[in-house]
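**Student:** Could you have a look at this structure, given as structure tokens, before my questions?
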Amino acid sequence: MTTTGEPSLPARPAPRDLLLGRTVVITAAAGAGIGGATARRCLEEGARVLISDAHERRLESGRRELEEEFGADRVAALPCDVTDEGQVRALYELAVERFGRIDVAVNNAGLGGTAELADMTDAEWDRVLDVTLNGTMRCTRAALRIMRDQDTGGAIVNNASVVGWRAQRGQSHYAAAKAGVMALTRCAALEAAPHGVRINAVAPSLAMHPHLVKVTSQELLDELTEREAFGRYAEPWEVANVIVFLAGDYSSYMTGEVVSVSSQHP
């Protein structure tokens, strides 16, 4: 515990080879957010990782950084806009081409924004739903098709949000999309189970990273932080830890679940 009144951070866990030798595909994995943290944690746990992002320059920088630390034989990257079905298919095909198979898919891509419904345009609504919900569907579908044909099982982890459960002003499009991700996860899990594929989701609340600071007011960040049981926001690697758990063998009997990575849940 700290003596200054500031919430203390736990120590990062030591690697345990939880994903040793497995191939993991992660969307929206460039930068310092949950996707980037998940890529690093999967590599620390022994996986081979294909990262993707719509931001090509950031993706290339992330690829170089991970290659330097973990080796070029375990890291690959491909730009991918999850609203484009052709790009989604190409991403998963590259994973099979480069690493021989897909064991885990982490569907992290999402798009937020703030607009009250009465002032929201159709374009704003459609864009958030297309990236966040439809994009997750496209990636889940692409991964499931390959995992089904491999006939060796697999795990898919979707990134939802506590906003899919609770109300927040200005977030009707994002909340609807994330609630949709939760429902998609539950339904697809039943269809995937006969093929040995597990599909679960994480529902983070507030995981801090530089981009979030740029697009969110300090007033709202303070308000959201006050709702958290630990009195602080989550570090992206703390959400990544739960994703690694859902991707690995310790969650072998879990499917169709949405795991809250905060104290906020129904």
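Lettering and numbering for the structure tokens are positional, with chains as A, B, ... in the shown order, residues counted from 1 in each chain, and ligands counted from 1 in the shown order.
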Listing only residues of stretch 106-129 of chain A within 10 Å of stretch 29-48 of chain A, what is the closest atom pair and its distance in Å (to one decimal) for each, using only C-alpha atoms, sorted by chain and residue number ascending, as JSON lines?

**Tutor:**
{"residue": "A:Val106", "atom": "CA", "partner": "A:Gly35", "partner_atom": "CA", "distance": 8.3}
{"residue": "A:Asn107", "atom": "CA", "partner": "A:Gly35", "partner_atom": "CA", "distance": 8.7}
{"residue": "A:Asn108", "atom": "CA", "partner": "A:Gly35", "partner_atom": "CA", "distance": 6.1}
{"residue": "A:Ala109", "atom": "CA", "partner": "A:Gly35", "partner_atom": "CA", "distance": 8.1}

**Student:** Do a neighbour search on A:Arg127 at 12 Å with only C-alpha atoms, toss out local chain neighbours closer than 6 positions, and write the hits as a list of chain:residue names.

**Tutor:**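 Contacts, with the query itself left out: A:Val82, A:Thr83, A:Gly110, A:Leu111, A:Gly112, A:Gly113, A:Met120, A:Thr121, A:Leu133, A:Asn134, A:Gly135, A:His173, A:Tyr174, A:Ala177.
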
**Student:** Give me, as a tab-separated table, each residue of stretch 117-164 of chain A that comes within 12 Å of stretch 92-96 of chain A, together with its shortest interatomic pair and the distance in Å at one decimal, counting only C-alpha atoms, with rows ordered by chain and rising residue number.

**Tutor:**
residue	atom	partner	partner_atom	distance
A:Arg138	CA	A:Tyr92	CA	10.9
A:Cys139	CA	A:Tyr92	CA	8.4
A:Thr140	CA	A:Tyr92	CA	10.4
A:Arg141	CA	A:Tyr92	CA	10.5
A:Ala142	CA	A:Tyr92	CA	6.8
A:Ala143	CA	A:Tyr92	CA	6.7
A:Leu144	CA	A:Tyr92	CA	10.2
A:Arg145	CA	A:Tyr92	CA	9.9
A:Ile146	CA	A:Tyr92	CA	8.1
A:Met147	CA	A:Val96	CA	10.4
A:Asp149	CA	A:Val96	CA	11.9
A:Gln150	CA	A:Val96	CA	10.3

**Student:** Quick one: write out the picked residues with N, CA and C atoms as an mmCIF file, in the first residue's frame?

**Tutor:**
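Writing done, so here's part.cif:
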data_model
loop_
_atom_site.group_PDB
_atom_site.id
_atom_site.type_symbol
_atom_site.label_atom_id
_atom_site.label_comp_id
_atom_site.auth_asym_id
_atom_site.auth_seq_id
_atom_site.Cartn_x
_atom_site.Cartn_y
_atom_site.Cartn_z
ATOM 1 N N ARG A 138 -17.167 -9.689 -38.323
ATOM 2 C CA ARG A 138 -16.361 -10.140 -39.463
ATOM 3 C C ARG A 138 -15.133 -10.922 -38.992
ATOM 4 N N CYS A 139 -14.486 -10.414 -37.960
ATOM 5 C CA CYS A 139 -13.276 -11.074 -37.465
ATOM 6 C C CYS A 139 -13.606 -12.392 -36.774
ATOM 7 N N THR A 140 -14.669 -12.408 -35.996
ATOM 8 C CA THR A 140 -15.091 -13.651 -35.353
ATOM 9 C C THR A 140 -15.422 -14.699 -36.403
ATOM 10 N N ARG A 141 -16.141 -14.293 -37.432
ATOM 11 C CA ARG A 141 -16.530 -15.215 -38.500
ATOM 12 C C ARG A 141 -15.305 -15.768 -39.230
ATOM 13 N N ALA A 142 -14.367 -14.881 -39.571
ATOM 14 C CA ALA A 142 -13.176 -15.313 -40.293
ATOM 15 C C ALA A 142 -12.342 -16.286 -39.465
ATOM 16 N N ALA A 143 -12.168 -15.969 -38.192
ATOM 17 C CA ALA A 143 -11.386 -16.842 -37.323
ATOM 18 C C ALA A 143 -12.081 -18.180 -37.123
ATOM 19 N N LEU A 144 -13.396 -18.149 -36.919
ATOM 20 C CA LEU A 144 -14.140 -19.379 -36.661
ATOM 21 C C LEU A 144 -14.116 -20.315 -37.865
ATOM 22 N N ARG A 145 -14.202 -19.756 -39.060
ATOM 23 C CA ARG A 145 -14.148 -20.594 -40.258
ATOM 24 C C ARG A 145 -12.833 -21.365 -40.336
ATOM 25 N N ILE A 146 -11.743 -20.681 -40.040
ATOM 26 C CA ILE A 146 -10.433 -21.340 -40.100
ATOM 27 C C ILE A 146 -10.282 -22.339 -38.963
ATOM 28 N N MET A 147 -10.657 -21.949 -37.751
ATOM 29 C CA MET A 147 -10.532 -22.850 -36.606
ATOM 30 C C MET A 147 -11.406 -24.090 -36.780
ATOM 31 N N ASP A 149 -12.257 -25.516 -39.611
ATOM 32 C CA ASP A 149 -11.656 -26.393 -40.612
ATOM 33 C C ASP A 149 -10.363 -27.036 -40.121
ATOM 34 N N GLN A 150 -9.655 -26.365 -39.184
ATOM 35 C CA GLN A 150 -8.448 -26.967 -38.599
ATOM 36 C C GLN A 150 -8.792 -28.180 -37.750
#

**Student:** For atom CA of A:Tyr250 and atom CA of A:Leu18, quote the distance in Å rounded to one decimal.

**Tutor:**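 Interatomic distance here is 8.6 Å.
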
**Student:** I'd like to know which of A:Ala207, A:Ile102, A:Leu59, A:Leu19 is closest to A:Ser161, using only C-alpha atoms.

**Tutor:**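 For A:Ser161, the nearest of the given residues is A:Ala207.
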
**Student:** I'd like the neighbourhood of A:Thr225 as a ChimeraX atom specification, where a residue qualifies if any of its atoms comes within 10 Å (using only C-alpha atoms), though same-chain residues fewer than 4 positions away should be ignored.

**Tutor:** /A:205-207,219-221,229-234

**Student:** How many Å lie between atom CA of A:Pro236 and atom CA of A:Arg186, rounded to one decimal?

**Tutor:**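 A separation of 24.2 Å between them.
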
**Student:** Enumerate the residues of stretch 88-195 of chain A with a DSSP assignment of strand (DSSP E or B), computed from the backbone, and present them as an NGL selection string.

**Tutor:** :A and (104-107 or 154-159)

**Student:** Report, in Å with one decimal, the straight-line distance from atom CA of A:Ala192 to atom CA of A:Gly154.

**Tutor:**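 Those two atoms sit 9.5 Å apart.
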
**Student:** If we count only C-alpha atoms and set the cut-off at 12 Å, which residues sit around A:Arg98, ignoring sequence neighbours fewer than 5 positions away in its own chain? Please answer as number ranges by chain.

**Tutor:** A: 23-25, 48-50, 72-78, 90-93

**Student:** Which of these, A:Arg166, A:Arg198, A:Arg22, A:Arg58, has the shortest distance to A:Phe99 once you count only C-alpha atoms?

**Tutor:**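 For A:Phe99, the nearest of the candidates is A:Arg22.
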
**Student:** Fewer than 6 positions away in the same chain doesn't count, so skip those; otherwise give me all residues within 10 Å of A:Ser251, counting only C-alpha atoms, as a PDB file with N, CA and C atoms, in the first residue's frame.

**Tutor:**
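File selection-v8.pdb, as written:
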ATOM      1  N   ALA A 155      -9.576 -20.447 -29.467  1.00  0.00           N
ATOM      2  CA  ALA A 155     -10.222 -19.485 -28.573  1.00  0.00           C
ATOM      3  C   ALA A 155     -10.332 -18.143 -29.272  1.00  0.00           C
ATOM      4  N   ARG A 198     -13.816 -21.941 -28.219  1.00  0.00           N
ATOM      5  CA  ARG A 198     -14.440 -21.151 -27.157  1.00  0.00           C
ATOM      6  C   ARG A 198     -14.465 -19.681 -27.557  1.00  0.00           C
ATOM      7  N   ASN A 200     -15.343 -15.965 -25.852  1.00  0.00           N
ATOM      8  CA  ASN A 200     -15.653 -15.166 -24.673  1.00  0.00           C
ATOM      9  C   ASN A 200     -15.345 -13.697 -24.955  1.00  0.00           C
ATOM     10  N   VAL A 244      -5.445 -12.958 -21.878  1.00  0.00           N
ATOM     11  CA  VAL A 244      -4.548 -14.122 -21.912  1.00  0.00           C
ATOM     12  C   VAL A 244      -5.191 -15.303 -21.188  1.00  0.00           C
ATOM     13  N   PHE A 245      -5.820 -15.053 -20.053  1.00  0.00           N
ATOM     14  CA  PHE A 245      -6.509 -16.117 -19.321  1.00  0.00           C
ATOM     15  C   PHE A 245      -7.588 -16.757 -20.190  1.00  0.00           C
TER      16      PHE A 245
END

**Student:** Identify all residues of stretch 4-124 of chain A in helix (DSSP H, G or I) (DSSP on the backbone) and supply them as JSON, numbers by chain.

**Tutor:** {"A": [34, 35, 36, 37, 38, 39, 40, 41, 42, 43, 44, 56, 57, 58, 59, 60, 61, 62, 63, 64, 65, 66, 67, 68, 69, 70, 72, 73, 74, 85, 86, 87, 88, 89, 90, 91, 92, 93, 94, 95, 96, 97, 98, 99, 117, 118, 119, 122, 123, 124]}

**Student:** List as a PyMOL selection string the protein and nucleic acid residues near A:Val239, meaning an atom at most 7 Å away when only C-alpha atoms are counted, but skip any in the same chain fewer than 4 places from it.

**Tutor:** chain A and resi 34+204+243+261

**Student:** Suppose we keep N, CA, C and O atoms; can you now write the selection as a PDB file, in the first residue's frame?

**Tutor:**
ATOM      1  N   ILE A  34      -5.098  -1.367 -25.224  1.00  0.00           N
ATOM      2  CA  ILE A  34      -5.323  -2.756 -24.848  1.00  0.00           C
ATOM      3  C   ILE A  34      -4.766  -3.711 -25.896  1.00  0.00           C
ATOM      4  O   ILE A  34      -4.169  -4.739 -25.564  1.00  0.00           O
ATOM      5  N   PRO A 204     -13.948  -4.190 -20.342  1.00  0.00           N
ATOM      6  CA  PRO A 204     -13.199  -3.216 -19.548  1.00  0.00           C
ATOM      7  C   PRO A 204     -14.076  -2.009 -19.206  1.00  0.00           C
ATOM      8  O   PRO A 204     -15.104  -1.765 -19.843  1.00  0.00           O
ATOM      9  N   ILE A 243      -7.455 -11.240 -20.932  1.00  0.00           N
ATOM     10  CA  ILE A 243      -7.532 -11.775 -22.298  1.00  0.00           C
ATOM     11  C   ILE A 243      -6.649 -13.011 -22.431  1.00  0.00           C
ATOM     12  O   ILE A 243      -7.063 -14.025 -23.023  1.00  0.00           O
ATOM     13  N   VAL A 261     -13.836  -6.472 -16.424  1.00  0.00           N
ATOM     14  CA  VAL A 261     -12.513  -6.151 -15.882  1.00  0.00           C
ATOM     15  C   VAL A 261     -12.635  -4.840 -15.125  1.00  0.00           C
ATOM     16  O   VAL A 261     -12.054  -3.813 -15.471  1.00  0.00           O
TER      17      VAL A 261
END

**Student:** Show me, as a list of chain:residue names, the residues that have an atom within 12 Å of A:Leu190 when counting only C-alpha atoms, minus same-chain residues fewer than 3 positions from it.

**Tutor:**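 With the cut-off at 12 Å, the set is A:Ala183, A:Leu184, A:Thr185, A:Arg186, A:Cys187, A:Ala193, A:Pro194, A:His195, A:Gly196, A:Val197, A:Arg198, A:Ile199, A:Asn200, A:Met254, A:Thr255, A:Gly256, A:Glu257.
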
**Student:** Would you write out those residues with C-alpha atoms, as a short mmCIF file (atom, residue, chain, number, x, y, z; two decimals), in the first residue's frame?

**Tutor:**
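Writing the result to part_8.cif gives the following:
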data_model
loop_
_atom_site.label_atom_id
_atom_site.label_comp_id
_atom_site.auth_asym_id
_atom_site.auth_seq_id
_atom_site.Cartn_x
_atom_site.Cartn_y
_atom_site.Cartn_z
CA ALA A 183 -24.84 -10.83 -27.57
CA LEU A 184 -22.75 -11.89 -30.56
CA THR A 185 -20.26 -13.55 -28.21
CA ARG A 186 -22.94 -15.56 -26.42
CA CYS A 187 -24.70 -16.75 -29.59
CA ALA A 193 -18.67 -25.27 -29.16
CA PRO A 194 -19.13 -28.42 -31.30
CA HIS A 195 -15.86 -27.51 -33.06
CA GLY A 196 -13.94 -27.11 -29.80
CA VAL A 197 -13.76 -23.34 -30.17
CA ARG A 198 -14.44 -21.15 -27.16
CA ILE A 199 -15.71 -17.58 -27.60
CA ASN A 200 -15.65 -15.17 -24.67
CA MET A 254 -15.60 -21.13 -20.20
CA THR A 255 -17.49 -20.05 -23.30
CA GLY A 256 -20.14 -17.45 -24.03
CA GLU A 257 -19.01 -15.44 -21.00
#

**Student:** Under the rule that only C-alpha atoms are counted, which of A:Gln87, A:Asn241, A:Thr27, A:Ser61 is the nearest residue to A:Asn158?

**Tutor:**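 Nearest candidate to A:Asn158 out of A:Gln87, A:Asn241, A:Thr27, A:Ser61: A:Thr27.
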